[in-house]
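Quick look at coords-v1.tsv (TSV, C-alpha atoms):
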chain	number	residue	atom	x	y	z
J	1	MET	CA	-25.97	-67.66	2.98
J	2	ALA	CA	-23.67	-66.54	5.77
J	3	THR	CA	-24.96	-64.04	8.29
J	4	PRO	CA	-23.20	-60.67	7.87
J	5	ALA	CA	-20.66	-59.96	10.58
J	6	PRO	CA	-21.70	-57.34	13.13
J	7	GLU	CA	-20.06	-53.92	12.90
J	8	SER	CA	-17.81	-54.60	15.89
J	9	SER	CA	-16.47	-57.78	14.28
J	10	ARG	CA	-15.94	-56.03	10.98
J	11	ARG	CA	-13.93	-53.28	12.66
J	12	LEU	CA	-11.81	-55.82	14.51
J	13	LEU	CA	-11.12	-57.66	11.26
J	14	CYS	CA	-10.17	-54.41	9.55
J	15	ALA	CA	-7.88	-53.57	12.45
J	16	ALA	CA	-6.13	-56.90	12.16
J	17	LEU	CA	-5.71	-56.59	8.41
J	18	LEU	CA	-4.60	-52.98	8.61
J	19	ALA	CA	-2.21	-53.25	11.55
J	20	VAL	CA	0.58	-52.01	9.30
J	21	PRO	CA	3.01	-49.12	9.72
J	22	LEU	CA	1.44	-45.71	10.19
J	23	ALA	CA	2.65	-44.66	6.77
J	24	ALA	CA	0.04	-46.89	5.14
J	25	LEU	CA	-2.60	-45.45	7.42
J	26	LEU	CA	-1.78	-41.80	6.89
J	27	PHE	CA	-0.92	-41.75	3.23
J	28	GLN	CA	-3.13	-44.48	1.75
J	29	LEU	CA	-0.18	-46.23	0.14
J	30	PRO	CA	-0.71	-49.79	-1.12
J	31	ILE	CA	-0.05	-52.35	1.59
J	32	SER	CA	1.91	-54.46	-0.92
J	33	SER	CA	4.49	-51.69	-1.21
J	34	PHE	CA	5.10	-51.90	2.50
J	35	LYS	CA	5.70	-55.61	2.34
J	36	THR	CA	8.42	-54.97	-0.20
J	37	ARG	CA	9.92	-52.12	1.76
J	38	SER	CA	9.66	-54.07	5.00
J	39	SER	CA	11.77	-56.81	3.45
J	40	ASP	CA	14.27	-54.15	2.44
J	41	THR	CA	14.30	-52.96	6.04
J	42	ALA	CA	14.95	-56.48	7.26
J	43	ALA	CA	17.79	-56.83	4.78
J	44	VAL	CA	19.33	-53.62	6.03
J	45	ALA	CA	19.02	-54.80	9.62
J	46	MET	CA	20.72	-58.11	8.75
J	47	ASP	CA	23.67	-56.35	7.10
J	48	ALA	CA	26.30	-56.23	9.79
J	49	GLY	CA	27.84	-53.17	8.19
J	50	ALA	CA	24.61	-51.18	7.98
J	51	PRO	CA	23.85	-48.43	10.51
J	52	GLU	CA	21.46	-49.39	13.28
J	53	ILE	CA	17.85	-48.28	12.85
J	54	GLU	CA	16.18	-46.29	15.61
J	55	PHE	CA	12.74	-45.85	14.01
J	56	ASP	CA	11.28	-47.02	10.71
J	57	MET	CA	8.09	-45.96	8.97
J	58	PRO	CA	8.50	-47.99	5.78
J	59	GLY	CA	8.03	-45.97	2.62
J	60	VAL	CA	8.10	-42.68	4.50
J	61	LEU	CA	11.00	-42.20	6.90
J	62	ARG	CA	13.78	-44.11	8.56
J	63	MET	CA	15.91	-42.77	11.41
J	64	TYR	CA	19.22	-44.31	12.38
J	65	LYS	CA	20.78	-44.43	15.80
J	66	ASP	CA	23.50	-42.06	14.62
J	67	GLY	CA	20.78	-39.38	14.36
J	68	ARG	CA	20.48	-39.38	10.58
J	69	ALA	CA	16.98	-39.34	9.09
J	70	GLU	CA	16.22	-40.64	5.60
J	71	ARG	CA	12.95	-39.65	3.89
J	72	PHE	CA	11.31	-41.67	1.13
J	73	ASP	CA	8.03	-39.76	0.82
J	74	GLY	CA	7.04	-36.10	0.64
J	75	THR	CA	10.35	-35.05	-0.92
J	76	GLU	CA	9.05	-34.17	-4.40
J	77	THR	CA	8.43	-30.46	-4.98
J	78	VAL	CA	6.98	-28.26	-7.69
J	79	PRO	CA	7.81	-24.58	-8.33
J	80	PRO	CA	5.34	-21.77	-7.75
J	81	SER	CA	3.32	-20.37	-10.64
J	82	PRO	CA	4.18	-16.66	-10.94
J	83	SER	CA	2.48	-16.45	-14.33
J	84	GLY	CA	-0.65	-18.27	-13.21
J	85	ASP	CA	-1.61	-21.90	-12.73
J	86	PRO	CA	-2.77	-23.43	-16.03
J	87	ALA	CA	-5.75	-25.03	-14.27
J	88	ASN	CA	-7.18	-21.95	-12.51
J	89	SER	CA	-4.95	-18.91	-13.25
J	90	VAL	CA	-3.99	-18.59	-9.57
J	91	VAL	CA	-0.58	-16.96	-9.20
J	92	SER	CA	1.79	-18.15	-6.49
J	93	LYS	CA	5.21	-17.30	-5.09
J	94	ASP	CA	7.53	-18.35	-2.28
J	95	VAL	CA	8.21	-15.82	0.46
J	96	VAL	CA	9.90	-15.53	3.84
J	97	LEU	CA	7.24	-14.42	6.30
J	98	ASP	CA	9.51	-13.99	9.30
J	99	PRO	CA	13.28	-13.88	8.65
J	100	ASP	CA	14.14	-13.93	12.34
J	101	ALA	CA	12.08	-17.06	13.00
J	102	GLY	CA	12.94	-18.59	9.63
J	103	ILE	CA	9.27	-18.93	8.63
J	104	SER	CA	8.69	-19.38	4.89
J	105	ALA	CA	5.51	-19.98	2.94
J	106	ARG	CA	3.99	-20.26	-0.50
J	107	LEU	CA	1.39	-17.56	-1.22
J	108	TYR	CA	-1.54	-17.92	-3.61
J	109	LEU	CA	-3.53	-15.05	-5.13
J	110	PRO	CA	-6.70	-15.71	-7.17
J	111	PRO	CA	-7.07	-14.15	-10.62
J	112	GLY	CA	-8.91	-10.94	-11.36
J	113	VAL	CA	-8.63	-9.34	-7.91
J	114	GLU	CA	-9.27	-5.62	-8.15
J	115	PRO	CA	-6.62	-3.30	-6.70
J	116	GLY	CA	-7.21	-2.75	-3.00
J	117	LYS	CA	-9.92	-5.40	-2.72
J	118	LYS	CA	-9.66	-7.27	0.56
J	119	LEU	CA	-10.05	-11.05	0.70
J	120	PRO	CA	-10.18	-13.63	3.48
J	121	VAL	CA	-6.81	-15.13	4.34
J	122	VAL	CA	-6.43	-18.88	4.78
J	123	LEU	CA	-3.31	-19.87	6.68
J	124	PHE	CA	-2.85	-23.51	5.72
J	125	PHE	CA	-0.66	-26.16	7.38
J	126	HIS	CA	0.15	-29.28	5.36
J	127	GLY	CA	-0.10	-32.79	6.76
J	128	GLY	CA	2.47	-35.58	6.80
J	129	ALA	CA	2.53	-36.90	10.38
J	130	PHE	CA	4.83	-34.00	11.37
J	131	LEU	CA	7.55	-35.88	9.46
J	132	VAL	CA	7.31	-35.25	5.73
J	133	HIS	CA	6.04	-32.92	2.99
J	134	THR	CA	6.38	-29.17	2.46
J	135	ALA	CA	4.24	-26.37	1.09
J	136	ALA	CA	5.85	-27.12	-2.30
J	137	SER	CA	4.71	-30.75	-2.36
J	138	PRO	CA	2.62	-31.36	-5.51
J	139	LEU	CA	-0.45	-32.50	-3.53
J	140	TYR	CA	-0.48	-29.40	-1.37
J	141	HIS	CA	0.42	-26.96	-4.12
J	142	LYS	CA	-2.57	-28.16	-6.13
J	143	TYR	CA	-4.94	-28.06	-3.16
J	144	ALA	CA	-3.91	-24.58	-2.02
J	145	ALA	CA	-4.28	-23.16	-5.53
J	146	SER	CA	-7.70	-24.79	-5.91
J	147	LEU	CA	-8.85	-23.34	-2.58
J	148	ALA	CA	-7.60	-19.85	-3.44
J	149	ALA	CA	-9.52	-19.92	-6.71
J	150	ALA	CA	-12.71	-21.36	-5.26
J	151	VAL	CA	-13.25	-18.98	-2.33
J	152	PRO	CA	-11.59	-16.62	-3.59
J	153	ALA	CA	-8.98	-16.02	-0.88
J	154	VAL	CA	-5.34	-15.31	-0.29
J	155	VAL	CA	-3.93	-18.67	0.77
J	156	VAL	CA	-0.72	-18.81	2.78
J	157	SER	CA	0.65	-22.36	2.82
J	158	ALA	CA	3.23	-22.28	5.59
J	159	ASP	CA	6.28	-24.46	6.01
J	160	TYR	CA	7.38	-25.59	9.44
J	161	ARG	CA	10.16	-27.58	11.03
J	162	LEU	CA	9.72	-31.34	10.80
J	163	ALA	CA	10.40	-34.12	13.26
J	164	PRO	CA	12.58	-35.97	14.11
J	165	GLU	CA	15.20	-33.25	13.60
J	166	HIS	CA	12.85	-30.80	15.29
J	167	PRO	CA	10.39	-32.69	17.53
J	168	VAL	CA	6.93	-31.38	18.30
J	169	PRO	CA	6.26	-28.73	19.66
J	170	ALA	CA	8.64	-27.05	17.17
J	171	ALA	CA	5.94	-27.28	14.48
J	172	TYR	CA	3.45	-25.53	16.77
J	173	ASP	CA	5.91	-22.72	17.47
J	174	ASP	CA	6.50	-22.18	13.76
J	175	ALA	CA	2.77	-22.24	13.04
J	176	PHE	CA	2.08	-19.58	15.65
J	177	ALA	CA	4.95	-17.47	14.33
J	178	ALA	CA	3.40	-17.77	10.86
J	179	LEU	CA	0.07	-16.52	12.18
J	180	ARG	CA	1.76	-13.53	13.84
J	181	ALA	CA	3.54	-12.70	10.60
J	182	VAL	CA	0.39	-13.02	8.50
J	183	VAL	CA	-1.80	-10.75	10.62
J	184	ALA	CA	1.01	-8.21	10.86
J	185	ALA	CA	1.46	-8.18	7.08
J	186	CYS	CA	-2.26	-7.53	6.59
J	187	ARG	CA	-2.08	-4.30	8.57
J	188	PRO	CA	-1.57	-1.15	6.48
J	189	ASP	CA	0.87	0.29	9.02
J	190	CYS	CA	3.35	-2.59	8.60
J	191	ALA	CA	6.41	-1.04	6.94
J	192	GLU	CA	7.82	-4.29	5.56
J	193	ALA	CA	4.55	-6.06	4.81
J	194	GLU	CA	4.35	-8.74	2.15
J	195	PRO	CA	2.74	-6.92	-0.83
J	196	TRP	CA	-0.04	-9.42	-1.58
J	197	LEU	CA	-1.10	-9.60	2.05
J	198	ALA	CA	-0.82	-5.83	2.51
J	199	ALA	CA	-2.95	-5.15	-0.56
J	200	HIS	CA	-5.52	-7.92	-0.31
J	201	GLY	CA	-5.34	-9.65	3.08
J	202	ASP	CA	-8.19	-8.94	5.48
J	203	ALA	CA	-6.81	-9.37	9.01
J	204	SER	CA	-10.36	-9.56	10.37
J	205	ARG	CA	-11.08	-12.65	8.24
J	206	VAL	CA	-8.20	-15.02	8.96
J	207	VAL	CA	-8.96	-18.74	8.82
J	208	LEU	CA	-6.60	-21.41	10.14
J	209	ALA	CA	-6.74	-24.62	8.12
J	210	GLY	CA	-4.89	-27.88	7.65
J	211	ASP	CA	-5.22	-31.56	6.92
J	212	SER	CA	-4.27	-34.46	9.21
J	213	ALA	CA	-1.24	-33.29	11.24
J	214	GLY	CA	-1.81	-29.82	9.79
J	215	ALA	CA	-5.35	-29.82	11.19
J	216	ASN	CA	-3.90	-30.77	14.57
J	217	MET	CA	-1.63	-27.72	14.23
J	218	ALA	CA	-4.51	-25.40	13.32
J	219	HIS	CA	-6.34	-26.49	16.47
J	220	ASN	CA	-3.31	-25.97	18.67
J	221	VAL	CA	-2.50	-22.56	17.18
J	222	ALA	CA	-6.06	-21.45	18.00
J	223	ILE	CA	-5.68	-22.69	21.59
J	224	ARG	CA	-2.43	-20.75	21.99
J	225	LEU	CA	-3.93	-17.66	20.35
J	226	ARG	CA	-6.68	-17.49	22.98
J	227	LYS	CA	-4.09	-17.84	25.76
J	228	GLU	CA	-1.49	-15.38	24.49
J	229	GLY	CA	-3.19	-13.19	21.92
J	230	ILE	CA	-1.36	-11.22	19.26
J	231	GLU	CA	-0.70	-7.53	19.75
J	232	GLY	CA	-2.84	-5.46	17.44
J	233	HIS	CA	-4.98	-8.45	16.49
J	234	GLY	CA	-6.57	-9.99	19.56
J	235	ASP	CA	-7.10	-13.55	20.68
J	236	LYS	CA	-9.33	-15.03	17.96
J	237	VAL	CA	-9.40	-15.87	14.27
J	238	SER	CA	-12.60	-15.94	12.23
J	239	GLY	CA	-12.58	-19.67	11.71
J	240	ILE	CA	-10.74	-22.98	11.78
J	241	VAL	CA	-10.92	-25.73	9.15
J	242	LEU	CA	-9.87	-29.16	10.41
J	243	LEU	CA	-9.62	-31.57	7.49
J	244	HIS	CA	-9.49	-35.19	8.68
J	245	PRO	CA	-7.66	-34.09	11.85
J	246	TYR	CA	-4.89	-36.18	13.38
J	247	PHE	CA	-5.90	-36.63	17.01
J	248	TRP	CA	-5.24	-39.69	19.11
J	249	GLY	CA	-5.20	-40.95	22.71
J	250	LYS	CA	-4.20	-43.83	24.91
J	251	ASP	CA	-7.68	-45.34	25.12
J	252	PRO	CA	-10.06	-46.02	22.21
J	253	VAL	CA	-13.04	-43.74	21.65
J	254	GLY	CA	-16.30	-44.68	19.95
J	255	GLY	CA	-15.78	-47.62	17.63
J	256	GLU	CA	-11.99	-47.30	17.36
J	257	PRO	CA	-10.17	-50.64	17.07
J	258	THR	CA	-8.76	-52.03	20.28
J	259	ASP	CA	-6.14	-54.23	18.61
J	260	ALA	CA	-2.82	-53.66	20.39
J	261	GLY	CA	-0.73	-53.83	17.23
J	262	TYR	CA	-2.93	-51.35	15.38
J	263	ARG	CA	-2.95	-48.85	18.25
J	264	GLY	CA	0.71	-49.41	18.99
J	265	SER	CA	1.75	-48.06	15.58
J	266	PHE	CA	0.01	-44.77	16.35
J	267	HIS	CA	1.35	-44.70	19.91
J	268	ARG	CA	4.94	-45.18	18.79
J	269	THR	CA	4.69	-42.57	16.06
J	270	TRP	CA	3.39	-39.85	18.38
J	271	GLU	CA	6.10	-40.70	20.91
J	272	PHE	CA	8.66	-40.47	18.11
J	273	VAL	CA	7.56	-37.11	16.68
J	274	SER	CA	7.36	-35.58	20.17
J	275	ASN	CA	10.61	-37.21	21.33
J	276	GLY	CA	8.69	-38.89	24.14
J	277	LYS	CA	7.99	-35.56	25.87
J	278	LEU	CA	4.26	-35.28	25.12
J	279	GLY	CA	2.16	-38.18	26.34
J	280	LEU	CA	-0.60	-39.94	24.43
J	281	ASP	CA	-3.22	-37.93	26.31
J	282	HIS	CA	-1.46	-34.59	26.09
J	283	PRO	CA	-3.96	-31.89	25.03
J	284	CYS	CA	-2.00	-31.32	21.82
J	285	VAL	CA	-2.95	-34.75	20.51
J	286	ASN	CA	-6.02	-35.52	22.61
J	287	PRO	CA	-8.24	-32.46	23.16
J	288	LEU	CA	-10.86	-34.74	24.77
J	289	ALA	CA	-8.55	-35.14	27.77
J	290	SER	CA	-8.57	-31.41	28.62
J	291	PRO	CA	-12.01	-29.85	28.11
J	292	GLU	CA	-11.14	-26.87	30.30
J	293	GLU	CA	-8.41	-25.90	27.80
J	294	TRP	CA	-10.47	-26.87	24.78
J	295	ARG	CA	-13.22	-24.39	25.59
J	296	GLN	CA	-10.65	-21.60	25.19
J	297	LEU	CA	-10.34	-22.26	21.46
J	298	GLY	CA	-9.58	-18.91	19.81
J	299	ALA	CA	-12.10	-18.99	16.98
J	300	ASP	CA	-15.74	-18.11	16.36
J	301	ARG	CA	-16.39	-20.95	13.91
J	302	VAL	CA	-15.01	-24.44	13.37
J	303	LEU	CA	-15.44	-26.81	10.44
J	304	VAL	CA	-14.47	-30.45	11.00
J	305	THR	CA	-14.40	-32.82	8.04
J	306	THR	CA	-13.63	-36.52	7.99
J	307	ALA	CA	-14.39	-39.67	5.99
J	308	GLU	CA	-16.10	-42.93	6.83
J	309	HIS	CA	-12.90	-44.96	6.45
J	310	CYS	CA	-10.48	-42.37	7.83
J	311	TRP	CA	-8.42	-43.90	10.64
J	312	PHE	CA	-9.19	-40.83	12.75
J	313	VAL	CA	-12.93	-40.74	12.02
J	314	GLU	CA	-13.94	-41.57	15.58
J	315	ARG	CA	-11.67	-38.78	16.87
J	316	ALA	CA	-13.25	-36.30	14.47
J	317	ARG	CA	-16.74	-37.33	15.54
J	318	ALA	CA	-15.72	-37.08	19.21
J	319	TYR	CA	-14.20	-33.65	18.56
J	320	ALA	CA	-17.44	-32.40	17.03
J	321	GLU	CA	-19.46	-33.73	19.96
J	322	GLY	CA	-16.99	-32.71	22.63
J	323	ILE	CA	-16.51	-29.14	21.56
J	324	LYS	CA	-20.25	-28.56	21.87
J	325	LYS	CA	-20.18	-29.93	25.42
J	326	CYS	CA	-16.96	-28.37	26.76
J	327	GLY	CA	-18.33	-24.84	26.97
J	328	TRP	CA	-16.94	-23.34	23.76
J	329	ASP	CA	-19.49	-20.81	22.51
J	330	GLY	CA	-18.78	-20.76	18.77
J	331	GLU	CA	-20.45	-22.21	15.67
J	332	LEU	CA	-19.60	-25.79	14.68
J	333	GLU	CA	-20.02	-27.47	11.29
J	334	PHE	CA	-19.30	-31.18	10.77
J	335	TYR	CA	-19.05	-32.97	7.44
J	336	GLU	CA	-18.36	-36.67	6.86
J	337	THR	CA	-17.84	-38.27	3.45
J	338	LYS	CA	-19.11	-41.81	3.08
J	339	GLY	CA	-17.03	-44.51	1.44
J	340	GLU	CA	-13.71	-42.65	1.45
J	341	GLY	CA	-10.46	-42.81	3.42
J	342	HIS	CA	-8.07	-40.42	5.12
J	343	VAL	CA	-7.41	-37.21	3.11
J	344	PHE	CA	-8.76	-38.86	-0.04
J	345	PHE	CA	-9.26	-35.42	-1.60
J	346	LEU	CA	-5.50	-34.91	-2.01
J	347	PRO	CA	-4.68	-37.86	-4.32
J	348	LYS	CA	-8.15	-37.73	-5.94
J	349	PRO	CA	-8.89	-34.00	-6.24
J	350	ASN	CA	-11.24	-34.35	-9.21
J	351	CYS	CA	-13.50	-37.10	-7.88
J	352	ASP	CA	-17.07	-36.13	-7.02
J	353	ASN	CA	-16.55	-36.48	-3.27
J	354	ALA	CA	-13.44	-34.30	-3.33
J	355	VAL	CA	-15.27	-31.62	-5.29
J	356	LYS	CA	-18.10	-31.73	-2.73
J	357	GLU	CA	-15.70	-31.44	0.20
J	358	LEU	CA	-13.91	-28.49	-1.37
J	359	ALA	CA	-17.30	-26.82	-1.84
J	360	ILE	CA	-18.03	-27.30	1.88
J	361	VAL	CA	-14.68	-25.73	2.80
J	362	THR	CA	-15.18	-22.92	0.31
J	363	ASP	CA	-18.63	-22.04	1.66
J	364	PHE	CA	-17.33	-22.09	5.23
J	365	VAL	CA	-14.43	-19.73	4.49
J	366	ARG	CA	-16.71	-17.34	2.63
J	367	ARG	CA	-18.92	-17.08	5.72
J	368	CYS	CA	-16.00	-16.38	8.06
Show me this structure written as structure tokens.
Amino acid sequence: MATPAPESSRRLLCAALLAVPLAALLFQLPISSFKTRSSDTAAVAMDAGAPEIEFDMPGVLRMYKDGRAERFDGTETVPPSPSGDPANSVVSKDVVLDPDAGISARLYLPPGVEPGKKLPVVLFFHGGAFLVHTAASPLYHKYAASLAAAVPAVVVSADYRLAPEHPVPAAYDDAFAALRAVVAACRPDCAEAEPWLAAHGDASRVVLAGDSAGANMAHNVAIRLRKEGIEGHGDKVSGIVLLHPYFWGKDPVGGEPTDAGYRGSFHRTWEFVSNGKLGLDHPCVNPLASPEEWRQLGADRVLVTTAEHCWFVERARAYAEGIKKCGWDGELEFYETKGEGHVFFLPKPNCDNAVKELAIVTDFVRRC
């Protein structure tokens, strides 16, 4: 019988086998589909009459040198449920939170809320590598409604400008504008407040949340909040929920693969979404590189979740360890699911592990 390979060898083998475009890594799409799409890409490149390609994430997005971007993923949408979601009776609607800044969102209100009863508010940012998806994407619509019902809470699933048309930090600016609009709408003295937030939103119990790139955004909004504050609100939120957060860096941490091809796909994608203006160790993508800024996180509690086979698992573990060492004085909770991959709870919301993770998030929000 062969001797089992050591963990380091196993990781290296996985890195070699999985050194595919970032799309496969972030969205758990079958590798075979990328082989097919990669051949399509090659065919396009060989066509003398085809436009030249600047950047290609097969199956997700292609950008041409003429500046045009073509999306293949995250374009499907579903309407809100003004009469109640059949699965949980949560009602939802699309609103403009800030007309001047162009910030829109989908709001979710759980069933049976008594008039005037205040609820925690979860401001949620969807994932998608800063490139694809919206608040109306089926995966995120279902998750936000499920979270609103489980807590119960008012969930505000915010849209934001996507790269490459609007490189990072545009997404961060929109996320912070969304937070300003949400806390303002929860105040009774706001003349033009959104009715659901005015009636039921508790400005003292605002939780920032997101998955993958959205979790990265939640972290960065909290950093900015502590630096700038919001008039009439202060410089903190009650909590932050980072679901399988998208953080990265130039050098490997923990047991991250060292394979150049594997790491290069992540390097190139971050450079692309930030238009080359934010380096691989910029605090926005690598909090470990700037502990003095990290300790200023504007939140009293942080929940970090990840999964054993998530490509950012080592970053999540390092975040949980690092935030305790950098001088931040809040309460940390860390939860790791064994045997699952990156954001598994979105495509498999009814599996046992997804139900358990939602329960962890629900309990955390209730305590904020």
Exercise. Do you know which residues are at most 12 Å from Ala289 of chain J counting all atoms listed in the file, after dropping those on the same chain fewer than 2 positions away, and could you put them as a VMD selection string?
Worked result: chain J and resid 247 to 251 253 279 to 287 291 to 295 315 318 to 319 322 to 323 326
Exercise. Which one is closest to Asn350 of chain J: J:Tyr143, J:Phe124, J:Trp311, J:Phe130? Count only C-alpha atoms.
Worked result: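 Of all the options, J:Tyr143 lies closest to Asn350 of chain J.
With distances taken over all atoms listed in the file, J:Gly127 is the one residue among J:Gly127, J:Pro167, J:Gly254, J:Pro152 lying closest to Met217 of chain J.
Coordinates place atom CA of Val132 of chain J at a distance of 20.5 Å from atom CA of Gly264 of chain J.
Note that the spacing between atom CA of Arg224 of chain J and atom CA of Gly330 of chain J amounts to 16.7 Å.
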Problem set entry | Which residue of J:Gly298, J:Gly255, J:Gly232, J:Gly214 approaches Leu162 of chain J most closely, using only C-alpha atoms | J:Gly214
For this session: Tell me which of J:Val273, J:Ala307, J:Leu123, J:Val365 sits closest to Ala175 of chain J, counting only C-alpha atoms.
Result: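 Closest candidate: J:Leu123.
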Exercise. If we count only C-alpha atoms, what is near Ile103 of chain J at a cut-off of 10 Å, once residues fewer than 6 positions away on the same chain are taken out, given as a ChimeraX atom specification?
Worked result: /J:95-97,158-161,174-175,177-178,181
Exercise. Using only C-alpha atoms, which residue out of J:Ala213, J:Ala199, J:Ala359, J:Val241 lies closest to Phe312 of chain J?
Worked result: J:Ala213
For this session: Kindly give the distance, in Å, that separates atom CA of Val206 of chain J and atom CA of Cys368 of chain J, rounded to a single decimal.
Result: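 Distance reported for this atom pair: 8.0 Å.
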For this session: Could you check which of J:Thr269, J:Ser83, J:Thr258, J:Thr77 is closest to Phe55 of chain J, using all atoms listed in the file?
Result: J:Thr269
Problem set entry | Phe364 of chain J environment, 10 Å, all atoms listed in the file, sequence neighbours closer than 4 positions dropped, as a list in words | Val151, Val207, Gly239, Ile240, Val241, Arg301, Val302, Leu303, Glu333, Leu358, Ala359, Ile360 and Cys368 of chain J
Those same residues - C-alpha atoms - I'd like them written as a PDB file, in the frame of the given file.
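Output saved as part_19.pdb:
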ATOM      1  CA  VAL J 151     -13.250 -18.980  -2.330  1.00  0.00           C
ATOM      2  CA  VAL J 207      -8.960 -18.740   8.820  1.00  0.00           C
ATOM      3  CA  GLY J 239     -12.580 -19.670  11.710  1.00  0.00           C
ATOM      4  CA  ILE J 240     -10.740 -22.980  11.780  1.00  0.00           C
ATOM      5  CA  VAL J 241     -10.920 -25.730   9.150  1.00  0.00           C
ATOM      6  CA  ARG J 301     -16.390 -20.950  13.910  1.00  0.00           C
ATOM      7  CA  VAL J 302     -15.010 -24.440  13.370  1.00  0.00           C
ATOM      8  CA  LEU J 303     -15.440 -26.810  10.440  1.00  0.00           C
ATOM      9  CA  GLU J 333     -20.020 -27.470  11.290  1.00  0.00           C
ATOM     10  CA  LEU J 358     -13.910 -28.490  -1.370  1.00  0.00           C
ATOM     11  CA  ALA J 359     -17.300 -26.820  -1.840  1.00  0.00           C
ATOM     12  CA  ILE J 360     -18.030 -27.300   1.880  1.00  0.00           C
ATOM     13  CA  CYS J 368     -16.000 -16.380   8.060  1.00  0.00           C
TER      14      CYS J 368
END
For this session: Find the residues near Asp202 of chain J: any atom within 12 Å, counting only C-alpha atoms, skip ones fewer than 2 places away on the same chain, and give them as a PyMOL selection string.
Result: chain J and resi 116-122+153-155+182-188+196-200+204-207+233+237-238+368
Please produce a file of those selected residues containing C-alpha atoms, as a CSV table (one decimal), in the frame of the given file.
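The resulting out.csv:
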chain,number,residue,atom,x,y,z
J,116,GLY,CA,-7.2,-2.8,-3.0
J,117,LYS,CA,-9.9,-5.4,-2.7
J,118,LYS,CA,-9.7,-7.3,0.6
J,119,LEU,CA,-10.0,-11.0,0.7
J,120,PRO,CA,-10.2,-13.6,3.5
J,121,VAL,CA,-6.8,-15.1,4.3
J,122,VAL,CA,-6.4,-18.9,4.8
J,153,ALA,CA,-9.0,-16.0,-0.9
J,154,VAL,CA,-5.3,-15.3,-0.3
J,155,VAL,CA,-3.9,-18.7,0.8
J,182,VAL,CA,0.4,-13.0,8.5
J,183,VAL,CA,-1.8,-10.8,10.6
J,184,ALA,CA,1.0,-8.2,10.9
J,185,ALA,CA,1.5,-8.2,7.1
J,186,CYS,CA,-2.3,-7.5,6.6
J,187,ARG,CA,-2.1,-4.3,8.6
J,188,PRO,CA,-1.6,-1.2,6.5
J,196,TRP,CA,0.0,-9.4,-1.6
J,197,LEU,CA,-1.1,-9.6,2.0
J,198,ALA,CA,-0.8,-5.8,2.5
J,199,ALA,CA,-3.0,-5.2,-0.6
J,200,HIS,CA,-5.5,-7.9,-0.3
J,204,SER,CA,-10.4,-9.6,10.4
J,205,ARG,CA,-11.1,-12.6,8.2
J,206,VAL,CA,-8.2,-15.0,9.0
J,207,VAL,CA,-9.0,-18.7,8.8
J,233,HIS,CA,-5.0,-8.4,16.5
J,237,VAL,CA,-9.4,-15.9,14.3
J,238,SER,CA,-12.6,-15.9,12.2
J,368,CYS,CA,-16.0,-16.4,8.1
For this session: For His126 of chain J, list every protein, DNA or RNA residue within 7 Å, evaluated using all atoms listed in the file, and leave out those in the same chain fewer than 2 positions away; present the list as a list of chain:residue names.
Result: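 Listing them by chain and then by number gives J:Phe124, J:Gly128, J:Thr134, J:Ala135, J:Tyr140, J:Gly210, J:Asp211, J:Gly214.
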Enclose the full set of atoms of segment 137-155 of chain J listed in the file within a box whose edges lie along x, y and z, apply 6 Å of padding to each of the six sides, and report centre and edge lengths in Å to one decimal as AutoDock Vina command-line options.
--center_x -4.3 --center_y -23.9 --center_z -3.0 --size_x 30.0 --size_y 29.2 --size_z 19.5
Return segment 174-183 of chain J, completed with N, CA and C atoms, as a PDB file, keeping the file's coordinate frame.
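What follows is the written file out.pdb:
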ATOM      1  N   ASP J 174       6.392 -22.769  15.101  1.00  0.00           N
ATOM      2  CA  ASP J 174       6.500 -22.180  13.760  1.00  0.00           C
ATOM      3  C   ASP J 174       5.128 -21.764  13.230  1.00  0.00           C
ATOM      4  N   ALA J 175       4.118 -22.563  13.513  1.00  0.00           N
ATOM      5  CA  ALA J 175       2.770 -22.240  13.040  1.00  0.00           C
ATOM      6  C   ALA J 175       2.253 -20.958  13.688  1.00  0.00           C
ATOM      7  N   PHE J 176       2.525 -20.799  14.969  1.00  0.00           N
ATOM      8  CA  PHE J 176       2.080 -19.580  15.650  1.00  0.00           C
ATOM      9  C   PHE J 176       2.851 -18.371  15.152  1.00  0.00           C
ATOM     10  N   ALA J 177       4.157 -18.559  14.893  1.00  0.00           N
ATOM     11  CA  ALA J 177       4.950 -17.470  14.330  1.00  0.00           C
ATOM     12  C   ALA J 177       4.425 -17.077  12.951  1.00  0.00           C
ATOM     13  N   ALA J 178       3.983 -18.066  12.169  1.00  0.00           N
ATOM     14  CA  ALA J 178       3.400 -17.770  10.860  1.00  0.00           C
ATOM     15  C   ALA J 178       2.136 -16.951  10.993  1.00  0.00           C
ATOM     16  N   LEU J 179       1.302 -17.289  11.966  1.00  0.00           N
ATOM     17  CA  LEU J 179       0.070 -16.520  12.180  1.00  0.00           C
ATOM     18  C   LEU J 179       0.402 -15.077  12.562  1.00  0.00           C
ATOM     19  N   ARG J 180       1.350 -14.892  13.454  1.00  0.00           N
ATOM     20  CA  ARG J 180       1.760 -13.530  13.840  1.00  0.00           C
ATOM     21  C   ARG J 180       2.212 -12.741  12.616  1.00  0.00           C
ATOM     22  N   ALA J 181       3.019 -13.384  11.770  1.00  0.00           N
ATOM     23  CA  ALA J 181       3.540 -12.700  10.600  1.00  0.00           C
ATOM     24  C   ALA J 181       2.433 -12.354   9.601  1.00  0.00           C
ATOM     25  N   VAL J 182       1.485 -13.245   9.451  1.00  0.00           N
ATOM     26  CA  VAL J 182       0.390 -13.020   8.500  1.00  0.00           C
ATOM     27  C   VAL J 182      -0.487 -11.854   8.932  1.00  0.00           C
ATOM     28  N   VAL J 183      -0.916 -11.839  10.185  1.00  0.00           N
ATOM     29  CA  VAL J 183      -1.800 -10.750  10.620  1.00  0.00           C
ATOM     30  C   VAL J 183      -1.072  -9.412  10.623  1.00  0.00           C
TER      31      VAL J 183
END
